Amino acid sequence: MKYISYFFIAIASALLVILLSLSSCSPNHKTTTSQPMVIKDQPQTNQQTADATVKIHNFKFEPANLAIGVGKTVQFINVDEEPHTATATDGTFNSKALDTNQTWNYTATKPGTYPYICSIHPFMKGTLTVTPQKN
Ligand SMILES: [Cu+2]
């Protein structure tokens, strides 16, 4: 009987040691092994990151006038409770309706001046100027 109880104490302490080493090691392993994978994923999300942002707030485009270089990306984000769009009056781009906190990216392809409105609230006006230089 004594041997059996020693045996159990030995197993229990061994388990404790394993548990302790696991709990102290696993956070380190997570930060070292899973973070490089996150970093690998980041370039993909960085490609979608915009060069400029237009916030749609209080039924206004902020800033209402924005200039970006050709090839650059502008992100529209609607922070209103109402849906809004960013719709070029000449049809060059159209975000369709953006719900609250929804974003939409537009990459400028051709230099020019593009007035745009919200097609739901046409009194909302903005102008996107696409400059020839890639800045
Ligand atoms: Cu609107």
# chains A, B, ... in the order shown; residues from 1 in each chain; ligands from 1

$ residues_near_ligand --ligand "ligand 1" --cutoff "9 Å" --atoms "only C-alpha atoms and all ligand atoms" --output "NGL selection string"
:A and (56 or 59-60 or 80 or 82-86 or 97-98 or 117-124)

$ select_by_dssp --residues "segment 60-95 of chain A" --states "strand (DSSP E)" --output "PDB file with N, CA and C atoms, in the first residue's frame"
ATOM      1  N   LYS A  60     -21.691  64.660 -44.187  1.00  0.00           N
ATOM      2  CA  LYS A  60     -20.643  65.405 -44.895  1.00  0.00           C
ATOM      3  C   LYS A  60     -19.493  64.458 -45.213  1.00  0.00           C
ATOM      4  N   PHE A  61     -18.821  64.758 -46.307  1.00  0.00           N
ATOM      5  CA  PHE A  61     -17.569  64.074 -46.616  1.00  0.00           C
ATOM      6  C   PHE A  61     -16.431  64.876 -45.991  1.00  0.00           C
ATOM      7  N   GLU A  62     -15.607  64.199 -45.212  1.00  0.00           N
ATOM      8  CA  GLU A  62     -14.500  64.890 -44.527  1.00  0.00           C
ATOM      9  C   GLU A  62     -13.178  64.230 -44.899  1.00  0.00           C
ATOM     10  N   ASN A  65     -12.782  67.997 -50.070  1.00  0.00           N
ATOM     11  CA  ASN A  65     -11.877  68.069 -51.227  1.00  0.00           C
ATOM     12  C   ASN A  65     -10.615  67.289 -50.899  1.00  0.00           C
ATOM     13  N   LEU A  66     -10.342  66.312 -51.723  1.00  0.00           N
ATOM     14  CA  LEU A  66      -9.164  65.480 -51.479  1.00  0.00           C
ATOM     15  C   LEU A  66      -8.431  65.267 -52.799  1.00  0.00           C
ATOM     16  N   ALA A  67      -7.113  65.376 -52.730  1.00  0.00           N
ATOM     17  CA  ALA A  67      -6.294  65.115 -53.913  1.00  0.00           C
ATOM     18  C   ALA A  67      -5.388  63.929 -53.620  1.00  0.00           C
ATOM     19  N   ILE A  68      -5.366  62.967 -54.520  1.00  0.00           N
ATOM     20  CA  ILE A  68      -4.457  61.820 -54.396  1.00  0.00           C
ATOM     21  C   ILE A  68      -3.790  61.590 -55.742  1.00  0.00           C
ATOM     22  N   GLY A  69      -2.647  60.955 -55.690  1.00  0.00           N
ATOM     23  CA  GLY A  69      -1.936  60.621 -56.919  1.00  0.00           C
ATOM     24  C   GLY A  69      -2.594  59.433 -57.611  1.00  0.00           C
ATOM     25  N   THR A  73      -4.943  54.821 -53.331  1.00  0.00           N
ATOM     26  CA  THR A  73      -6.248  54.326 -52.889  1.00  0.00           C
ATOM     27  C   THR A  73      -6.822  55.236 -51.819  1.00  0.00           C
ATOM     28  N   VAL A  74      -8.054  55.609 -52.015  1.00  0.00           N
ATOM     29  CA  VAL A  74      -8.767  56.378 -50.990  1.00  0.00           C
ATOM     30  C   VAL A  74      -9.821  55.460 -50.375  1.00  0.00           C
ATOM     31  N   GLN A  75      -9.889  55.524 -49.062  1.00  0.00           N
ATOM     32  CA  GLN A  75     -10.876  54.715 -48.361  1.00  0.00           C
ATOM     33  C   GLN A  75     -11.989  55.616 -47.836  1.00  0.00           C
ATOM     34  N   PHE A  76     -13.193  55.269 -48.165  1.00  0.00           N
ATOM     35  CA  PHE A  76     -14.360  55.957 -47.623  1.00  0.00           C
ATOM     36  C   PHE A  76     -14.878  55.137 -46.446  1.00  0.00           C
ATOM     37  N   ILE A  77     -15.120  55.816 -45.335  1.00  0.00           N
ATOM     38  CA  ILE A  77     -15.698  55.125 -44.186  1.00  0.00           C
ATOM     39  C   ILE A  77     -16.911  55.919 -43.703  1.00  0.00           C
ATOM     40  N   ASN A  78     -18.006  55.222 -43.563  1.00  0.00           N
ATOM     41  CA  ASN A  78     -19.237  55.863 -43.100  1.00  0.00           C
ATOM     42  C   ASN A  78     -19.371  55.670 -41.591  1.00  0.00           C
ATOM     43  N   THR A  87     -20.543  58.502 -54.757  1.00  0.00           N
ATOM     44  CA  THR A  87     -20.892  58.211 -56.142  1.00  0.00           C
ATOM     45  C   THR A  87     -20.408  59.346 -57.033  1.00  0.00           C
ATOM     46  N   ALA A  88     -19.467  59.054 -57.887  1.00  0.00           N
ATOM     47  CA  ALA A  88     -18.964  60.080 -58.812  1.00  0.00           C
ATOM     48  C   ALA A  88     -20.084  60.472 -59.760  1.00  0.00           C
TER      49      ALA A  88
END

$ closest_residue --among "A:Pro132, A:Ala52, A:Thr127, A:Pro115" --to "Gly91 of chain A" --atoms "only C-alpha atoms"
A:Pro115

$ atom_distance --atom1 "atom CA of Pro111 of chain A" --atom2 "atom CA of Asp99 of chain A"
28.7 Å

$ atom_distance --atom1 "atom CA of Val70 of chain A" --atom2 "atom CA of Asn101 of chain A"
26.0 Å

$ atom_distance --atom1 "atom CA of Asn58 of chain A" --atom2 "atom CA of Tyr114 of chain A"
21.6 Å
